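J.: Sharing a structure with you now.
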Amino acid sequence: MNTPLRLGIAGLGTVGVGVLRIVQGQAALLAARCGRPITVSAVSARSRSKDRGVDLSGLGWEDSPVALAQRDDVDVFIEVMGGHEGAARDATTAALRAGKHVVTANKALLAIHGQSLAELAEDQGVALRYEAAV
């Protein structure tokens, strides 16, 4: 198989942990359907010590979602932090500027900044996907 598609997940609440569980628990099915393995390289959240009921060992950790968005081992940045300013906007913008594809479930971010983020994604030749937000 090809090299894995490497995800970085910013936000480890209900949605972020759900994405992590699906990617880890359905790895073989996802690889078969996508034609290549999909892995989570690194994550970011407000608290490193909180018990989220998932195994985070073996994953990179970034205290800053912007740093996560700029990691070399992240191909797709998944933003599930929420909010339309601050960390969510800064990290999403950083990911797009770094040439990363972005997936977000953040309605507020898209409502306020969707047009400018879509234009930035187009300028960078990357995808901005938001189906989880609609």
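In the structure tokens, the first chain shown is A, the next is B, and so on; residue numbers restart at 1 for each chain, and ligands run from 1 in the order shown.
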Can you pull out every residue within 10 Å of Gly114 in chain A, counting only C-alpha atoms, but drop anything in the same chain fewer than 5 positions away, and send it as an NGL selection string?
T.: :A and (84 or 107-109 or 119-120 or 128 or 130)
J.: DSSP says strand (DSSP E) for which residues of range 8-49 of chain A? Put them as a short mmCIF file (atom, residue, chain, number, x, y, z; two decimals) with C-alpha atoms, in the first residue's frame?
T.:
data_model
loop_
_atom_site.label_atom_id
_atom_site.label_comp_id
_atom_site.auth_asym_id
_atom_site.auth_seq_id
_atom_site.Cartn_x
_atom_site.Cartn_y
_atom_site.Cartn_z
CA GLY A 8 -3.57 15.98 13.03
CA ILE A 9 -6.60 16.47 15.29
CA ALA A 10 -7.02 19.77 17.14
CA ILE A 38 -4.99 6.63 7.39
CA THR A 39 -3.26 7.36 10.67
CA VAL A 40 -3.33 10.03 13.34
CA SER A 41 0.14 11.51 13.75
CA ALA A 42 -0.48 14.08 16.44
CA VAL A 43 -3.15 15.81 18.50
CA SER A 44 -3.68 19.03 20.41
#
J.: For range 71-80 of chain A, list every protein, DNA or RNA residue within 9 Å, evaluated using only C-alpha atoms, and leave out those in the same chain fewer than 2 positions away; present the list as a PyMOL selection string.
T.: chain A and resi 5-13+15-16+40-42+65-69+82+88+91-92+95-96+98-106
J.: Would you put the residues from that selection into a file with C-alpha atoms, as a PDB file, in the first residue's frame?
T.:
ATOM      1  CA  LEU A   5      -2.424   9.830   4.995  1.00  0.00           C
ATOM      2  CA  ARG A   6      -1.452  11.464   8.291  1.00  0.00           C
ATOM      3  CA  LEU A   7      -4.015  13.372  10.332  1.00  0.00           C
ATOM      4  CA  GLY A   8      -3.569  15.980  13.029  1.00  0.00           C
ATOM      5  CA  ILE A   9      -6.596  16.469  15.295  1.00  0.00           C
ATOM      6  CA  ALA A  10      -7.022  19.772  17.135  1.00  0.00           C
ATOM      7  CA  GLY A  11      -9.617  19.366  19.857  1.00  0.00           C
ATOM      8  CA  LEU A  12     -10.207  16.216  21.855  1.00  0.00           C
ATOM      9  CA  GLY A  13     -13.784  16.677  22.965  1.00  0.00           C
ATOM     10  CA  VAL A  15     -16.048  14.978  18.124  1.00  0.00           C
ATOM     11  CA  GLY A  16     -12.249  14.808  18.178  1.00  0.00           C
ATOM     12  CA  VAL A  40      -3.333  10.033  13.341  1.00  0.00           C
ATOM     13  CA  SER A  41       0.143  11.515  13.752  1.00  0.00           C
ATOM     14  CA  ALA A  42      -0.480  14.081  16.445  1.00  0.00           C
ATOM     15  CA  PRO A  65      -2.995  23.906  17.702  1.00  0.00           C
ATOM     16  CA  VAL A  66      -1.031  26.261  15.437  1.00  0.00           C
ATOM     17  CA  ALA A  67       2.093  24.156  16.003  1.00  0.00           C
ATOM     18  CA  LEU A  68       0.040  21.044  15.219  1.00  0.00           C
ATOM     19  CA  ALA A  69      -1.168  22.648  11.985  1.00  0.00           C
ATOM     20  CA  GLY A  82     -14.976  25.291  18.140  1.00  0.00           C
ATOM     21  CA  ALA A  88      -9.542  27.771  15.866  1.00  0.00           C
ATOM     22  CA  ALA A  91      -4.693  27.132  13.522  1.00  0.00           C
ATOM     23  CA  THR A  92      -6.949  26.704  10.491  1.00  0.00           C
ATOM     24  CA  ALA A  95      -2.704  24.862   8.252  1.00  0.00           C
ATOM     25  CA  LEU A  96      -3.952  26.285   4.970  1.00  0.00           C
ATOM     26  CA  ALA A  98       1.317  25.510   5.291  1.00  0.00           C
ATOM     27  CA  GLY A  99      -0.327  23.687   2.379  1.00  0.00           C
ATOM     28  CA  LYS A 100      -2.377  21.298   4.531  1.00  0.00           C
ATOM     29  CA  HIS A 101      -5.858  20.143   3.694  1.00  0.00           C
ATOM     30  CA  VAL A 102      -8.362  21.092   6.419  1.00  0.00           C
ATOM     31  CA  VAL A 103     -11.485  19.366   7.697  1.00  0.00           C
ATOM     32  CA  THR A 104     -13.640  21.240  10.202  1.00  0.00           C
ATOM     33  CA  ALA A 105     -16.932  20.762  12.005  1.00  0.00           C
ATOM     34  CA  ASN A 106     -16.868  24.360  13.231  1.00  0.00           C
TER      35      ASN A 106
END
J.: Tell me, in Å to one decimal, how far CA of Arg52 in chain A is from CA of Ala87 in chain A.
T.: 20.6 Å
J.: Between A:Ala45, A:Val54, A:Val23, A:Leu117, single out the one closest to Asp90 in chain A, counting only C-alpha atoms.
T.: A:Leu117
J.: In Å, how far is it from CA of Ser64 in chain A to CA of Cys34 in chain A?
T.: 29.5 Å
J.: Do you have the CA of Glu122 in chain A-CA of Leu110 in chain A distance handy?
T.: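 Going from CA of Glu122 in chain A over to CA of Leu110 in chain A covers 15.2 Å.
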J.: Based on the backbone DSSP call, show me all residues of chain A assigned helix (DSSP H, G or I), as a VMD selection string.
T.: chain A and resid 14 to 25 27 to 34 65 to 69 87 to 97 107 to 124 131 to 133
J.: Can you tell me which residues surround Ala31 in chain A at a distance of at most 12 Å, considering only C-alpha atoms, apart from same-chain residues fewer than 4 positions away, and format the answer as a ChimeraX atom specification?
T.: /A:1-5,23-27,35-39
